[in-house]
Amino acid sequence: MYERDLQDLVRGLRSDAAKKNEAKFIAEVVDEIRKEISSKDMDIKGGAVCKLTYLDMLGYDMSWASFHVVEVMSSPYLHLKTGGYLAAAQSFDENTDVLMLTTNLLKKDMASGSHPEISAALNCLAHILTPELARDLALDIVPMLNHSRPLIRKRAILVLYKMMLLDSDALDRGFGKLREKLEDPDVGVISAAVNALCELSRREPQRCLVLAPNLFDLLTRSSNNWMLIKIFGALTPHEPRLVRKLQPPLTDLISTTPAISLLYECVRTCIIGGMFQGSTGSSLARTCVQKLAAFLENPDQNLKYIALLALVRIVPSHPYLVAEHQRLILASVNDSDMSIRMRALDLLSAMVNRQTLQHVVQHLLSHLSPGSSSGTGQSATQALSQAISGVAAPAMPLNLSTPYRLDVSRRVLDMCSRDLYDNVEDFEWYLTVLVDLSYVARVPIGEEIRDQLLDVVARVRSVRPFAVRLMAKLLDEEAPGADSDCCVEVYWAAAFICGEHWSDLSNPLKTAMKLLGEESTRLPPTILAVYMSSAMKIIGHWASGVALEWDDIHLASVQQNVDEVILRVSRFVASPYIEVQERAATFGQLLRFLKADLATYGQAQVPTADSDGPIFPKSLQLIHPLSSTFELNAVAPEAQDKVRLPEGLDLDMDLVPVTIRAPPELTGNAPPKPKRRRKKDLSNHVSGNAEQPAESSILSQGGLPNTQVSGPDDLESIPIVALEGLLLGPGLAEPQSSSRSAARPTVITQGEMPDEPPLQAQIGQPPIALSSETIQSPRAIAVVRTKKSAKGKHRKTAGQDAR
């Protein structure tokens with residue numbers, strides 16, 4: 001039989017026939033491997049395992065051959081053993097069922113005198129290690145740290161580190177030996193020990209503090225300090241005394257080393273360890289910031305990113321040092337790499353202050369504007385090509401996504417409003433920024449801008465005249481539609497500010513006409529409702545001003561303006577939105593009253609100056625007092641809690657007593673109860689004697705209300721019910737002869753007794769509110785059943801027989 005070796009398998013997979021139908025080719029190969037791997041010839045079995053290992057690299061499963069892999073691992077031949085260990089390291093996991101069979105095999109090979117076998121066993125163990133294997137083989141690994149060959153010692157250190165992660169006993173046994181390897185004569189072994197300790201220091205920093213003297217000695221006399229710096233970065237937060245010892249050597253390394261990776265690790269260690277305190281710390285911080293600023297000018301995108309990350313962590317303690325490189329940071333905002341832009345925004349948000357706020361915000365607004373372009377907008381590939389060719393790439397416009405624009409806009413608002421606008425020195429400038437942001441943001445941030453506008457105007461009195469002029473100018477522009485990219489909620493704030501602070505309007509009538517213009521109908525209903533309220537306030541202010549400067553020659557123009565306002569308001573009366581419709585109708589009625597009064601004033605005799613009445617139409621002062629009686633002031637959120645509670649006031653007591661609905665039995669709306677057949681009881685006949693006159697009177701008036709008869713065959717089972725105190729509905733006359741007729745429940749409300757007697761409750765009317773104290777339980781209803789005669793003749797009740 002032809003045996004396909006590994007080279008033939010690779011050639012077959014790359015052939016055209018296999019590419020056309022790879023699944024069929026793989027199925028044939030796997031069938032061949034299944035036959036070969038069952039062979040007693042170890043060479044054939046080893047070749048089959050090698051082919052399975054290659055197929056496993058391509059994604060095909062080989063877990064079914066795990067036992068045969070263990071057989072190849074136990075081969076005495078090195079070339080087969082290494083192939084088996086490679087297959088195990090690649091395919092075995094913690095769920096492999098034959099993993100327990102490898103324990104003794106690994107012990108045997110690690111005790112071998114052949115270092116290739118030891119290396120293969122250690123390499124496989126590092127990949128397939130489980131907590132059970134770590135527990136069983138820890139005592140075999142620790143002695144191997146003293147092996148004569150450095151290669152074996154390095155591999156044993158790395159395997160021991162992985163055992164320490166899985167077994168705490170291994171950590172206790174091997175930590176002392178690991179500390180001794182810091183003084184090993186071989187540099188590779190020391191590097192392996194430092195690497196393992198660096199990872200352990202992140203998980204067990206307190207345990208690794210005892211290694212500080214050994215590590216510091218290595219730092220001062222070794223030329224390879226990269227791993228040591230990472231260890232100290234993990235240890236300094238737990239041992240403050242290390243800061244003073246590490247500052248001089250780290251300062252020298254940062255100033256002299258040409259290695260960028262080591263330089264960054266030194267800076268990171270200084271940041272994590274808090275080494276920027278004191279006079280020496282300030283000089284060290286300045287050195288670190290200068291080195292990181294050089295990274296920002298480097299065309300390598302990775303260096304820019306890590307520099308921005310480090311500067312973000314330096315800003316809280318030394319913002320003035322970072323602010324010196326503001327130009328480079330702002331240039332990073334225009335970078336084409338999204339991650340660099342986001343880190344630059346983080347840095348700008350952290351470093352902004354009163355001196356830098358306006359410049360940073362203006363740069364971000366220009367960054368959001370449609371015409372912004374990338375100053376350094378290059379990808380990593382473009383930057384590399386530019387560095388090789390030396391030709392500057394042209395600036396490309398940035399394509400800013402909606403989430404990114406939203407993030408930038410919110411950062412602008414956060415920078416300005418932080419700590420109650422502590423960084424804002426010119427509030428007129430900030431109002432202008434808010435309006436500009438509403439145009440360039442092109443994201444749904446209108447509600448936040450609206451809240452900022454209202455908050456600033458309410459808090460800062462001196463800025464109100466400018467705010468009113470700015471908002472009036474905004475209203476003069478054409479109102480956008482509800483689906484526009486512009487933040488339409490800003491028009492809500494503009495209308496409210498103009499209506500609330502009408503006294504600062506230069507031309508109130510023009511502003512009111514603009515609010516009531518036809519283009520305003522495109523706005524959302526919530527904004528239209530505010531437009532109606534603000535227009536009414538402004539018209540009231542205008543009418544009041546006309547009254548103060550009244551002259552009869554102004555009557556015609558005032559009437560004309562009122563007619564125009566009525567015409568404009570009438571558009572909104574037919575609005576499909578109830579809030580807009582209601583406000584427009586109310587405003588329209590006030591205007592019609594004003595129009596009628598003006599007409600009456602024009603027809604009547606004009607009063608003289610000596611008369612007691614006013615010399616202007618009284619209705620001009622009608623609308624203005626509705627909105628000018630009280631001033632709207634800002635109130636702190638916790639102000640209500642500081643108001644002392646008056647004595648005798650119980651805030652938990654209900655202002656209106658809770659009412660209880662009358663039971664359905666009293667209103668006649670109770671659902672019919674299911675009928676149940678019971679055994680005849682003579683006591684039922686006796687209970688109906690006293691109530692028979694009332695019962696007969698009720699039946700004579702037309703029977704019981706809402707009584708349904710299921711059918712002619714069921715008439716024999718219908719009981720005759722005597723109801724006491726029944727609430728009669730329309731059409732049922734009240735029996736005069738019943739002694740119980742006056743005993744009806746009276747419905748009253750607690751604390752409110754009407755002068756007239758309460759009305760009779762009607763069946764079918766809505767439920768009646770009753771007080772819990774006045775509701776009394778109704779008397780029990782006596783139910784009597786008929787007594788059948790022997791011949792099926794007319795039946796009489798027990799009460800009728802008694803009569």
# chains A, B, ... in the order shown; residues from 1 in each chain; ligands from 1
$ residues_around --residues "Ile190 in chain A" --least-positions-apart "6" --cutoff "9 Å" --atoms "only C-alpha atoms" --output "number ranges by chain"
A: 154, 181-184
$ residues_around --residues "Ala585 in chain A" --least-positions-apart "5" --cutoff "12 Å" --atoms "only C-alpha atoms" --output "list in words"
Ala529, Met532, Ser533, Met536, Ile566, Arg568, Val569, Ser570, Arg571, Phe572, Val573, Ala574, Ser575, Ile578, Glu579, Val580, Leu590, Leu591 and Arg592 of chain A
$ closest_residue --among "A:Ile623, A:Thr287, A:Lys595, A:Phe630" --to "Gln560 in chain A" --atoms "only C-alpha atoms"
A:Lys595
$ atom_distance --atom1 "CA of Tyr60 in chain A" --atom2 "CA of Ser91 in chain A"
10.6 Å
$ residues_around --residues "Val424 in chain A" --least-positions-apart "6" --cutoff "10 Å" --atoms "only C-alpha atoms" --output "list in words"
Asn353, Arg354, Gln355, Leu357, Gln358, Met415, Cys416, Ser417, Arg418 and Tyr430 of chain A
$ atom_distance --atom1 "CA of Gly517 in chain A" --atom2 "CA of Ser627 in chain A"
22.1 Å
$ residues_around --residues "Leu368 in chain A" --least-positions-apart "5" --cutoff "9 Å" --atoms "only C-alpha atoms" --output "NGL selection string"
:A and (363 or 400 or 405 or 408-409 or 437 or 440-442)
$ residues_around --residues "Arg4 in chain A" --least-positions-apart "2" --cutoff "12 Å" --atoms "only C-alpha atoms" --output "PyMOL selection string"
chain A and resi 1-2+6-12+28-33+35-36+44+47-48+50-51
$ select_by_dssp --residues "range 118-222 of chain A" --states "alpha helix (DSSP H)" --output "ChimeraX atom specification"
/A:118-128,131-141,150-166,168-180,187-203,205-208,212-221
